[in-house]
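Written out below as structure tokens is the structure these notes cover.
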Amino acid sequence: MNPGRFITFEGIDGSGKSTQARLLAGHLRGQGVDVVLTREPGGSAGAEEIRQLLLTGDTDRWSAETEILLFTAARRDHLEKTILPALSLGQTVVSDRFADSTRVYQGATRGDLRAKVDTLHALMIGREPDLTFIIDMDPATALGRGLARKSGEDRFEDFGLPFQETLRHGFLALARADAQRCIVIDGNRTVDQIASDVAAHL
Ligand code: ADP
Ligand code: TYD
């Protein structure tokens with residue numbers, strides 16, 4: 001059996017990743033593809049528990065260094081319990097965020113920690129998606145949308161607009177550095193326009 005494809009969505013908070021991941025999963029299922037739709041942090045029972053620790057509380061609850069360890073621990077469990085088993089069954093995995101989020105949120109916002117992120121990734125994860133859609137959009141609009149949800153998981157939104165602007169540049173730099181894997185999608189459009197664009201690229 002052929003291993004399945006591993007597709008991720010990345011971008012700043014509120015950019016429309018979850019919406020587009022869900023729509024892509026539906027589109028592929030409509031074509032008869034067996035899809036596992038998942039997310040980070042989370043996507044397995046243990047990783048969902050770690051998610052609560054990371055996304056609630058004050059901005060200074062964890063340092064960026066501690067976050068690297070917690071996100072990587074959650075990712076390792078997600079990989080072992082959900083992603084790798086699905087790929088080995090030939091299923092297509094669509095994940096709302098993966099390692100690029102750690103590279104940008106922890107690696108390039110509160111000091112240059114990218115080398116530490118990369119070392120831990122190589123040691124504990126060692127897997128990249130086959131294809132990554134980076135949804136790029138205006139950070140002020142995205143932040144407004146994200147906070148309007150009142151999800152109670154706003155720890156990273158609470159770092160404010162300049163933080164989101166830094167993240168946007170981080171994701172675009174990542175896309176330039178790995179243009180084979182990453183496709184930048186203009187998120188300043190309607191949900192349907194973006195979904196058609198994603199499907200066309202696929
Ligand atoms: P993310 O997963 O990136 O945080 P979501 O998909 O949860 O983003 O979208 C954040 C909010 O914005 C949701 O309320 C969603 O319905 C809305 N939304 C998503 N995409 C668009 C779009 N293209 N235009 C307007 N609103 C959108
Ligand atoms: P998510 O639920 O996708 O948030 P949003 O819907 O606002 O985009 O992700 C939770 C938060 O965790 C988000 O603010 C980004 C952050 N995060 C990191 O900082 N590092 C990571 O490695 C991951 C996966 C997420």
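Note on naming: chains are A, B, ... as they come in the structure tokens, residues start from 1 per chain, ligands start from 1 in the order shown.
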
Could you give me, as a ChimeraX atom specification, every polymer residue with an atom at most 6 Å away from an atom of ligand 2, counting only C-alpha atoms and all ligand atoms?
/A:12-14,40-41,71,97-99,101-102,105,146,156

Produce as number ranges by chain the set of residues near ligand 1, where near means within 12 Å with only C-alpha atoms and all ligand atoms considered.
A: 8-24, 38-41, 95-97, 101, 133-139, 141-151, 153-154, 156-157, 185-197

Go ahead and compute the interatomic distance for CA of Leu28 (chain A) and CA of His201 (chain A), in Å to one decimal.
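Computing it gives 13.0 Å between the two atoms.
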
Mind listing the helix (DSSP H, G or I) residues of region 70-182 of chain A, per DSSP on the backbone, as number ranges by chain?
A: 70-88, 99-106, 114-124, 139-148, 157-159, 161-177

Nearest to Ala108 (chain A) among A:Arg51, A:Arg168, A:Arg127, A:Arg29, with distances taken over only C-alpha atoms: which residue is it?
A:Arg168

For Val35 (chain A), work out the shell of residues within 7 Å, counting only C-alpha atoms and skipping chain neighbours fewer than 2 positions away, then give it as a PyMOL selection string.
chain A and resi 25+29+33+37+91-93

Output file for the residues above (C-alpha atoms, as a PDB file, in the first residue's frame):
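The new file again18.pdb reads:
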```pdb
ATOM      1  CA  ALA A  25     -10.879  17.436   3.930  1.00  0.00           C
ATOM      2  CA  ARG A  29     -13.586  12.941   0.837  1.00  0.00           C
ATOM      3  CA  VAL A  33     -10.045   9.924  -0.511  1.00  0.00           C
ATOM      4  CA  LEU A  37      -8.484  15.786   9.751  1.00  0.00           C
ATOM      5  CA  GLN A  91      -4.880   7.732   4.582  1.00  0.00           C
ATOM      6  CA  THR A  92      -4.354  11.408   3.739  1.00  0.00           C
ATOM      7  CA  VAL A  93      -3.658  13.490   6.839  1.00  0.00           C
TER       8      VAL A  93
END
```

One residue among A:Ala122, A:Ala74, A:Leu174, A:Ile83 is nearest to Phe6 (chain A) when using only C-alpha atoms, and that residue is A:Ile83

Which polymer residues have any atom within 7 Å of an atom of Ile7 (chain A), counting only C-alpha atoms, with same-chain residues fewer than 4 positions away left out, as JSON, numbers by chain?
{"A": [93, 94, 95, 129, 130, 131, 132]}

Return the single residue from A:Thr109, A:Thr56, A:Thr82, A:Thr66 that is closest to Asp158 (chain A), with distances computed using only C-alpha atoms.
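Among the listed residues, the smallest separation from Asp158 (chain A) belongs to A:Thr56.
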
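Considering only region 3-191 of chain A, backbone DSSP assigns strand (DSSP E or B) to A:Phe6, A:Ile7, A:Thr8, A:Phe9, A:Glu10, A:Gly11, A:Val35, A:Val36, A:Leu37, A:Thr38, A:Arg39, A:Thr92, A:Val93, A:Val94, A:Ser95, A:Asp96, A:Leu131, A:Thr132, A:Phe133, A:Ile134, A:Ile135, A:Asp136, A:Cys182, A:Ile183, A:Val184, A:Ile185, A:Asp186.
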
Could you take the residues named above and write them with C-alpha atoms, as a PDB file, in the first residue's frame?
```pdb
ATOM      1  CA  PHE A   6       0.566  14.625   4.722  1.00  0.00           C
ATOM      2  CA  ILE A   7      -0.838  18.135   4.158  1.00  0.00           C
ATOM      3  CA  THR A   8      -0.669  21.025   6.630  1.00  0.00           C
ATOM      4  CA  PHE A   9      -2.152  24.504   6.973  1.00  0.00           C
ATOM      5  CA  GLU A  10      -0.137  27.262   8.613  1.00  0.00           C
ATOM      6  CA  GLY A  11      -0.493  30.973   9.248  1.00  0.00           C
ATOM      7  CA  VAL A  35      -8.889  11.638   5.101  1.00  0.00           C
ATOM      8  CA  VAL A  36      -7.892  12.164   8.724  1.00  0.00           C
ATOM      9  CA  LEU A  37      -8.484  15.786   9.751  1.00  0.00           C
ATOM     10  CA  THR A  38      -6.427  16.786  12.764  1.00  0.00           C
ATOM     11  CA  ARG A  39      -4.845  19.776  14.505  1.00  0.00           C
ATOM     12  CA  THR A  92      -4.354  11.408   3.739  1.00  0.00           C
ATOM     13  CA  VAL A  93      -3.658  13.490   6.839  1.00  0.00           C
ATOM     14  CA  VAL A  94      -4.749  17.141   6.839  1.00  0.00           C
ATOM     15  CA  SER A  95      -3.421  18.988   9.886  1.00  0.00           C
ATOM     16  CA  ASP A  96      -4.293  22.477  11.092  1.00  0.00           C
ATOM     17  CA  LEU A 131       2.688  19.943   1.213  1.00  0.00           C
ATOM     18  CA  THR A 132       2.006  23.049   3.317  1.00  0.00           C
ATOM     19  CA  PHE A 133      -0.485  25.832   2.618  1.00  0.00           C
ATOM     20  CA  ILE A 134       0.506  29.062   4.335  1.00  0.00           C
ATOM     21  CA  ILE A 135      -2.498  31.364   4.549  1.00  0.00           C
ATOM     22  CA  ASP A 136      -1.221  34.918   4.435  1.00  0.00           C
ATOM     23  CA  CYS A 182       5.122  25.609   0.923  1.00  0.00           C
ATOM     24  CA  ILE A 183       2.437  27.406  -1.081  1.00  0.00           C
ATOM     25  CA  VAL A 184       1.404  30.885   0.046  1.00  0.00           C
ATOM     26  CA  ILE A 185      -2.341  31.461  -0.267  1.00  0.00           C
ATOM     27  CA  ASP A 186      -3.883  34.949  -0.159  1.00  0.00           C
TER      28      ASP A 186
END
```

Nearest candidate to Ile68 (chain A) (options A:Gln52, A:Gln164, A:Thr119, A:Gln180; using only C-alpha atoms):
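Selected residue with least distance to Ile68 (chain A): A:Thr119.
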
Just the number, please: distance in Å from CA of Gly30 (chain A) to CA of Arg75 (chain A), one decimal.
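We find that CA of Gly30 (chain A) and CA of Arg75 (chain A) lie 28.5 Å from each other.
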
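You can rank A:Phe171, A:Arg181, A:Glu80, A:Thr166 by their closest distance to Asp100 (chain A) using only C-alpha atoms, and at the top of that list sits A:Phe171.
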
Would you list the contacts of region 110-115 of chain A as a compact mmCIF listing (two decimals) with C-alpha atoms, in the first residue's frame, taking every protein, DNA or RNA residue within 10 Å and counting only C-alpha atoms, but skipping same-chain residues closer than 6 positions in sequence?
```
# COMPACT_ATOMS: atom_id res chain seq x y z
CA SER A 63 8.96 31.08 28.37
CA ALA A 64 9.50 30.46 24.65
CA GLU A 65 12.04 27.78 25.60
CA ILE A 68 9.36 24.57 22.54
CA THR A 102 7.00 26.13 16.35
CA ARG A 103 9.65 27.42 13.94
CA VAL A 104 7.84 30.75 13.74
CA HIS A 121 12.71 18.74 15.74
CA PHE A 163 3.54 39.86 17.64
CA THR A 166 6.32 39.36 13.33
```

Distance criterion (only C-alpha atoms): nearest to Glu48 (chain A) out of A:Asp77, A:Leu120, A:Thr72, A:Leu167
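Smallest separation from Glu48 (chain A) among the options: A:Asp77.
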
Distance in Å - CA of Asp58 (chain A) versus CA of Gly170 (chain A)
23.2 Å
